[in-house]
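Quick notes on the structure that follows.
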Amino acid sequence: MNNIAIFASGTGSNFVAINQSIINKELNANLVLLVSDKPECKAIKTANELQIKTFSFEPKNYKKKKQFEQEIVQKLQEENVDLIVLAGYMRLIGETLLSEYKNRIINIHPSYLPHFKGKDAIGQALIHRPEYTGVTVHYVDEGMDTGSIIEQVKIDLLENETRETLEQRVHKLEHMLYPKVIKKVLEEL
Ligand code: GRF
């Protein structure tokens, strides 16, 4: 069975959804590690409650990204991680992780890429009001939300759409889509 590590910086609702799909036996994988650059975030607290191993670090304690990424690589190797799943990890992945896990890092982004890359994609959609936005799962490269797309789904924008309604619908879709795409990616490894 494949081992996955999830990287998160915040709430961790996708982390919980992926873990639940493993418990429900919809996704055949071991969730062996949660990595976070925010030691106090909710995702870390949830992982502790669920007794899932964690590795967290404070980027400001390191001179260079390379240094904390080397520590991450060591932890991932100790756990024999096959696939890195970014779920709200608010940091660009650097050369150290990219070269060690080539084509083995995926990310979920709350827009129909290439539209609304980067921070607050939901807010960007609400300002520009396109006909639709969506959710995209893609491989990670050195750019910001630029890697090749694995799967994406559209969400029509409602006339009276608010941040609350859109966030809710985006998250609901993410929680269904991400476990399915992880399953597909693992089958192709
Ligand atoms: C998700 O909307 C994801 O698309 C984006 O960050 C958010 C993370 O949410 N990359 P959560 O921490 O999983 O609740």
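Residue numbering restarts at 1 in every chain; chains get A, B, ... in the order shown in the structure tokens, and ligands count up from 1 in that same order.
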Give me the chain A side of the contact with ligand 1, cut-off 10 Å, one line per residue showing its nearest atom pair and distance in Å at one decimal, counting only C-alpha atoms and all ligand atoms, sorted by chain and residue number, as CSV.
residue,atom,partner,partner_atom_place_in_ligand_line,distance
A:Phe7,CA,ligand 1,12 (O),9.5
A:Ala8,CA,ligand 1,12 (O),6.3
A:Ser9,CA,ligand 1,12 (O),6.8
A:Gly10,CA,ligand 1,12 (O),4.7
A:Thr11,CA,ligand 1,12 (O),3.9
A:Gly12,CA,ligand 1,12 (O),3.5
A:Ser13,CA,ligand 1,14 (O),3.6
A:Asn14,CA,ligand 1,13 (O),3.7
A:Phe15,CA,ligand 1,13 (O),5.8
A:Val16,CA,ligand 1,13 (O),7.8
A:Ala17,CA,ligand 1,13 (O),8.3
A:Ile18,CA,ligand 1,13 (O),9.6
A:Cys41,CA,ligand 1,12 (O),9.4
A:Lys42,CA,ligand 1,12 (O),8.4
A:Ala43,CA,ligand 1,12 (O),7.1
A:Leu86,CA,ligand 1,10 (N),7.3
A:Ala87,CA,ligand 1,13 (O),5.2
A:Gly88,CA,ligand 1,6 (O),3.4
A:Tyr89,CA,ligand 1,10 (N),6.6
A:Met90,CA,ligand 1,10 (N),7.4
A:Asn107,CA,ligand 1,10 (N),6.9
A:Ile108,CA,ligand 1,4 (O),4.7
A:His109,CA,ligand 1,4 (O),3.9
A:Pro110,CA,ligand 1,4 (O),4.2
A:Ser111,CA,ligand 1,4 (O),7.8
A:Gly118,CA,ligand 1,10 (N),9.1
A:Lys119,CA,ligand 1,10 (N),8.7
A:Asp120,CA,ligand 1,5 (C),8.6
A:Ala121,CA,ligand 1,2 (O),8.6
A:Ile122,CA,ligand 1,2 (O),8.3
A:Gly134,CA,ligand 1,4 (O),9.7
A:Val135,CA,ligand 1,4 (O),7.0
A:Thr136,CA,ligand 1,4 (O),7.9
A:Val137,CA,ligand 1,4 (O),8.6
A:Asp145,CA,ligand 1,10 (N),9.4
A:Glu167,CA,ligand 1,2 (O),7.6
A:Gln168,CA,ligand 1,2 (O),9.6
A:Val170,CA,ligand 1,2 (O),6.9
A:His171,CA,ligand 1,2 (O),6.0
A:Lys172,CA,ligand 1,2 (O),9.7
A:Leu173,CA,ligand 1,2 (O),9.7
A:Glu174,CA,ligand 1,4 (O),6.8
A:His175,CA,ligand 1,13 (O),8.3
A:Tyr178,CA,ligand 1,4 (O),9.5
Output N, CA and C atoms for every residue in the selection just made, as a compact mmCIF listing (two decimals), in the first residue's frame.
# COMPACT_ATOMS: atom_id res chain seq x y z
N PHE A 7 0.65 18.03 3.46
CA PHE A 7 1.23 19.30 3.92
C PHE A 7 0.09 20.31 4.07
N ALA A 8 -0.01 20.94 5.24
CA ALA A 8 -1.07 21.92 5.47
C ALA A 8 -0.55 23.06 6.34
N SER A 9 -1.17 24.23 6.17
CA SER A 9 -0.77 25.39 6.99
C SER A 9 -1.92 25.93 7.83
N GLY A 10 -3.14 25.40 7.62
CA GLY A 10 -4.29 26.05 8.25
C GLY A 10 -5.28 25.10 8.86
N THR A 11 -6.51 25.21 8.39
CA THR A 11 -7.62 24.47 9.00
C THR A 11 -7.48 22.96 8.85
N GLY A 12 -7.15 22.52 7.66
CA GLY A 12 -6.96 21.09 7.45
C GLY A 12 -8.24 20.33 7.15
N SER A 13 -9.24 21.01 6.57
CA SER A 13 -10.48 20.27 6.28
C SER A 13 -10.25 19.24 5.17
N ASN A 14 -9.37 19.53 4.22
CA ASN A 14 -9.05 18.53 3.19
C ASN A 14 -8.29 17.35 3.79
N PHE A 15 -7.40 17.65 4.71
CA PHE A 15 -6.67 16.61 5.43
C PHE A 15 -7.66 15.65 6.11
N VAL A 16 -8.66 16.22 6.78
CA VAL A 16 -9.66 15.40 7.48
C VAL A 16 -10.46 14.56 6.46
N ALA A 17 -10.83 15.19 5.34
CA ALA A 17 -11.62 14.48 4.31
C ALA A 17 -10.82 13.32 3.72
N ILE A 18 -9.54 13.54 3.50
CA ILE A 18 -8.69 12.47 2.92
C ILE A 18 -8.56 11.34 3.94
N CYS A 41 -1.23 25.47 14.01
CA CYS A 41 -2.45 25.47 13.19
C CYS A 41 -3.41 24.35 13.57
N LYS A 42 -4.64 24.52 13.10
CA LYS A 42 -5.69 23.55 13.46
C LYS A 42 -5.37 22.15 12.90
N ALA A 43 -4.78 22.11 11.72
CA ALA A 43 -4.46 20.81 11.11
C ALA A 43 -3.54 19.99 12.02
N LEU A 86 -0.33 18.29 -1.11
CA LEU A 86 -0.45 19.64 -0.53
C LEU A 86 -1.93 19.97 -0.38
N ALA A 87 -2.31 20.39 0.83
CA ALA A 87 -3.71 20.73 1.08
C ALA A 87 -3.72 21.99 1.94
N GLY A 88 -3.62 23.13 1.26
CA GLY A 88 -3.59 24.39 2.00
C GLY A 88 -2.22 24.66 2.60
N TYR A 89 -1.16 24.20 1.94
CA TYR A 89 0.21 24.51 2.37
C TYR A 89 0.59 25.81 1.67
N MET A 90 0.75 26.88 2.45
CA MET A 90 0.84 28.22 1.88
C MET A 90 2.27 28.64 1.55
N ASN A 107 -1.19 19.21 -5.70
CA ASN A 107 -1.80 20.31 -4.95
C ASN A 107 -3.26 20.47 -5.39
N ILE A 108 -4.07 20.99 -4.47
CA ILE A 108 -5.45 21.35 -4.83
C ILE A 108 -5.58 22.86 -4.73
N HIS A 109 -6.22 23.46 -5.74
CA HIS A 109 -6.33 24.91 -5.78
C HIS A 109 -7.79 25.29 -6.02
N PRO A 110 -8.30 26.28 -5.26
CA PRO A 110 -9.73 26.59 -5.36
C PRO A 110 -10.12 27.51 -6.51
N SER A 111 -9.72 27.16 -7.72
CA SER A 111 -10.18 27.87 -8.92
C SER A 111 -10.05 26.94 -10.12
N GLY A 118 -2.58 31.67 -7.32
CA GLY A 118 -2.05 32.37 -6.14
C GLY A 118 -3.04 32.51 -5.01
N LYS A 119 -2.77 33.53 -4.19
CA LYS A 119 -3.53 33.69 -2.95
C LYS A 119 -4.98 34.09 -3.19
N ASP A 120 -5.83 33.67 -2.29
CA ASP A 120 -7.25 34.03 -2.24
C ASP A 120 -7.95 33.93 -3.60
N ALA A 121 -7.89 32.74 -4.16
CA ALA A 121 -8.54 32.51 -5.47
C ALA A 121 -10.05 32.72 -5.37
N ILE A 122 -10.62 32.43 -4.23
CA ILE A 122 -12.07 32.61 -4.06
C ILE A 122 -12.40 34.10 -4.07
N GLY A 134 -14.05 27.16 -9.91
CA GLY A 134 -13.95 25.71 -9.78
C GLY A 134 -12.85 25.27 -8.85
N VAL A 135 -12.45 24.02 -9.03
CA VAL A 135 -11.40 23.42 -8.23
C VAL A 135 -10.48 22.65 -9.18
N THR A 136 -9.17 22.74 -8.93
CA THR A 136 -8.20 22.06 -9.79
C THR A 136 -7.20 21.27 -8.95
N VAL A 137 -6.92 20.05 -9.36
CA VAL A 137 -5.81 19.30 -8.76
C VAL A 137 -4.71 19.20 -9.82
N ASP A 145 1.06 27.48 -8.69
CA ASP A 145 -0.14 26.90 -9.31
C ASP A 145 0.00 26.77 -10.83
N GLU A 167 -17.25 29.64 -0.63
CA GLU A 167 -16.29 28.84 0.14
C GLU A 167 -16.88 27.48 0.49
N GLN A 168 -18.14 27.52 0.90
CA GLN A 168 -18.80 26.27 1.28
C GLN A 168 -18.87 25.29 0.11
N VAL A 170 -17.04 25.33 -2.67
CA VAL A 170 -15.70 24.93 -3.11
C VAL A 170 -15.18 23.82 -2.20
N HIS A 171 -15.32 24.00 -0.90
CA HIS A 171 -14.80 23.00 0.04
C HIS A 171 -15.51 21.66 -0.13
N LYS A 172 -16.83 21.72 -0.30
CA LYS A 172 -17.59 20.48 -0.46
C LYS A 172 -17.05 19.70 -1.68
N LEU A 173 -16.84 20.43 -2.75
CA LEU A 173 -16.32 19.81 -3.96
C LEU A 173 -14.90 19.27 -3.74
N GLU A 174 -14.05 20.08 -3.09
CA GLU A 174 -12.67 19.64 -2.83
C GLU A 174 -12.64 18.33 -2.06
N HIS A 175 -13.50 18.26 -1.04
CA HIS A 175 -13.48 17.07 -0.16
C HIS A 175 -13.91 15.82 -0.90
N TYR A 178 -10.65 15.49 -4.09
CA TYR A 178 -9.23 15.22 -3.81
C TYR A 178 -8.95 13.73 -3.52
### Query
Neighbours of A:Glu100 within 12 Å (only C-alpha atoms; same-chain residues fewer than 4 positions away dropped), as an MDAnalysis selection string?
chainID A and resid 69:70 72:74 76:77 81:84 93:96 104:105
### Task
Write out as an MDAnalysis selection string all residues of stretch 79-118 of chain A that DSSP puts in helix (DSSP H, G or I) for this structure's backbone.
chainID A and resid 95:100
Include all heavy atoms and write out the residues we just selected as a CSV table (one decimal), in the first residue's frame.
chain,number,residue,atom,x,y,z
A,95,GLU,N,13.5,23.6,-4.7
A,95,GLU,CA,14.2,22.7,-5.5
A,95,GLU,C,14.6,21.4,-4.7
A,95,GLU,O,14.5,20.3,-5.3
A,95,GLU,CB,15.5,23.4,-5.9
A,95,GLU,CG,16.4,22.7,-6.9
A,95,GLU,CD,15.6,22.1,-8.1
A,95,GLU,OE1,14.7,22.8,-8.6
A,95,GLU,OE2,15.9,20.9,-8.5
A,96,THR,N,14.8,21.5,-3.4
A,96,THR,CA,15.2,20.3,-2.6
A,96,THR,C,14.1,19.2,-2.6
A,96,THR,O,14.3,18.1,-3.0
A,96,THR,CB,15.5,20.7,-1.2
A,96,THR,OG1,16.4,21.8,-1.2
A,96,THR,CG2,16.0,19.6,-0.3
A,97,LEU,N,12.9,19.7,-2.4
A,97,LEU,CA,11.7,18.7,-2.4
A,97,LEU,C,11.4,18.3,-3.8
A,97,LEU,O,11.0,17.2,-4.1
A,97,LEU,CB,10.5,19.4,-1.7
A,97,LEU,CG,10.4,19.1,-0.2
A,97,LEU,CD1,9.4,20.1,0.5
A,97,LEU,CD2,10.1,17.7,0.2
A,98,LEU,N,11.4,19.3,-4.7
A,98,LEU,CA,11.0,19.0,-6.1
A,98,LEU,C,11.9,17.9,-6.7
A,98,LEU,O,11.4,17.1,-7.4
A,98,LEU,CB,11.0,20.3,-6.9
A,98,LEU,CG,9.9,21.2,-6.8
A,98,LEU,CD1,10.1,22.5,-7.5
A,98,LEU,CD2,8.6,20.6,-7.2
A,99,SER,N,13.2,18.0,-6.5
A,99,SER,CA,14.1,17.1,-7.1
A,99,SER,C,14.0,15.7,-6.5
A,99,SER,O,14.1,14.7,-7.1
A,99,SER,CB,15.5,17.6,-7.1
A,99,SER,OG,16.0,17.8,-5.8
A,100,GLU,N,13.7,15.7,-5.2
A,100,GLU,CA,13.7,14.4,-4.4
A,100,GLU,C,12.3,13.7,-4.7
A,100,GLU,O,12.3,12.5,-4.7
A,100,GLU,CB,13.8,14.7,-2.9
A,100,GLU,CG,14.3,13.6,-2.1
A,100,GLU,CD,15.7,13.3,-2.4
A,100,GLU,OE1,16.6,14.2,-2.5
A,100,GLU,OE2,16.0,12.0,-2.5
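Of the listed residues A:Thr162, A:Asn19, A:Val153, A:Glu26, the one whose atoms come nearest to A:Thr46 is A:Asn19, with distances taken using only C-alpha atoms.
Of the listed residues A:Leu92, A:Asn103, A:Leu31, A:Leu126, the one whose atoms come nearest to A:Glu79 is A:Leu31, with distances taken using only C-alpha atoms.
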Would you mind writing down, as a compact mmCIF listing (two decimals) with C-alpha atoms, in the first residue's frame, each residue of stretch 15-114 of chain A that DSSP on the backbone assigns to strand (DSSP E or B)?
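Contents of out-v1.txt, freshly written:
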# COMPACT_ATOMS: atom_id res chain seq x y z
CA ALA A 29 -3.32 4.41 1.30
CA ASN A 30 -1.52 5.00 4.59
CA LEU A 31 -1.56 8.59 5.81
CA VAL A 32 1.81 8.49 7.55
CA LEU A 33 2.65 12.14 8.21
CA LEU A 34 1.22 15.64 8.41
CA VAL A 35 3.79 18.36 7.69
CA SER A 36 3.17 21.99 8.62
CA THR A 54 3.35 15.27 12.54
CA PHE A 55 6.39 17.29 11.62
CA SER A 56 6.12 21.04 12.07
CA LEU A 83 3.29 10.86 -2.62
CA ILE A 84 3.18 14.38 -1.14
CA VAL A 85 -0.31 15.87 -1.02
CA LEU A 86 -0.45 19.64 -0.53
CA ILE A 105 3.84 16.22 -5.36
CA ILE A 106 0.25 17.30 -6.02
CA ASN A 107 -1.80 20.31 -4.95
CA ILE A 108 -5.45 21.35 -4.83
CA HIS A 109 -6.33 24.91 -5.78
### Query
Between A:Glu49, A:Pro59, A:Lys117, A:Ile182, which is the closest to A:Gly147 once you count only C-alpha atoms?
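Checking each of A:Glu49, A:Pro59, A:Lys117, A:Ile182 against A:Gly147, counting only C-alpha atoms, the winner is A:Lys117.
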### Residue with smallest distance to A:Asp37 - pool A:Lys64, A:Arg91, A:Lys25, A:Lys53, counting only C-alpha atoms
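Of the candidates, the smallest distance to A:Asp37 is held by A:Arg91.
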### Task
Take atom CA of A:Ala5 and atom CA of A:Gly123 and report the distance between them in Å, one decimal.
28.3 Å
### From A:Ile52, A:Asn61, A:Ser148, A:Asn80, residue lying nearest A:Met1 [only C-alpha atoms]
A:Asn80
#### Entry: Between atom CA of A:Glu187 and atom CA of A:Tyr101, distance in Å (one decimal)
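Atom CA of A:Tyr101 lies 16.6 Å from atom CA of A:Glu187.
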### Query
Any idea what's packed within 10 Å of A:Asp156, counting only C-alpha atoms, ignoring anything in its chain fewer than 3 positions away? Could you give it as a VMD selection string?
chain A and resid 130 to 134 159 161 166
### Task
Go ahead and compute the interatomic distance for atom CA of A:Tyr139 and atom CA of A:Lys184, in Å to one decimal.
12.8 Å
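Take the candidates A:Glu40, A:Glu151, A:Glu71, A:Glu78 and check each one against A:Leu113 using only C-alpha atoms; the shortest distance goes to A:Glu151.
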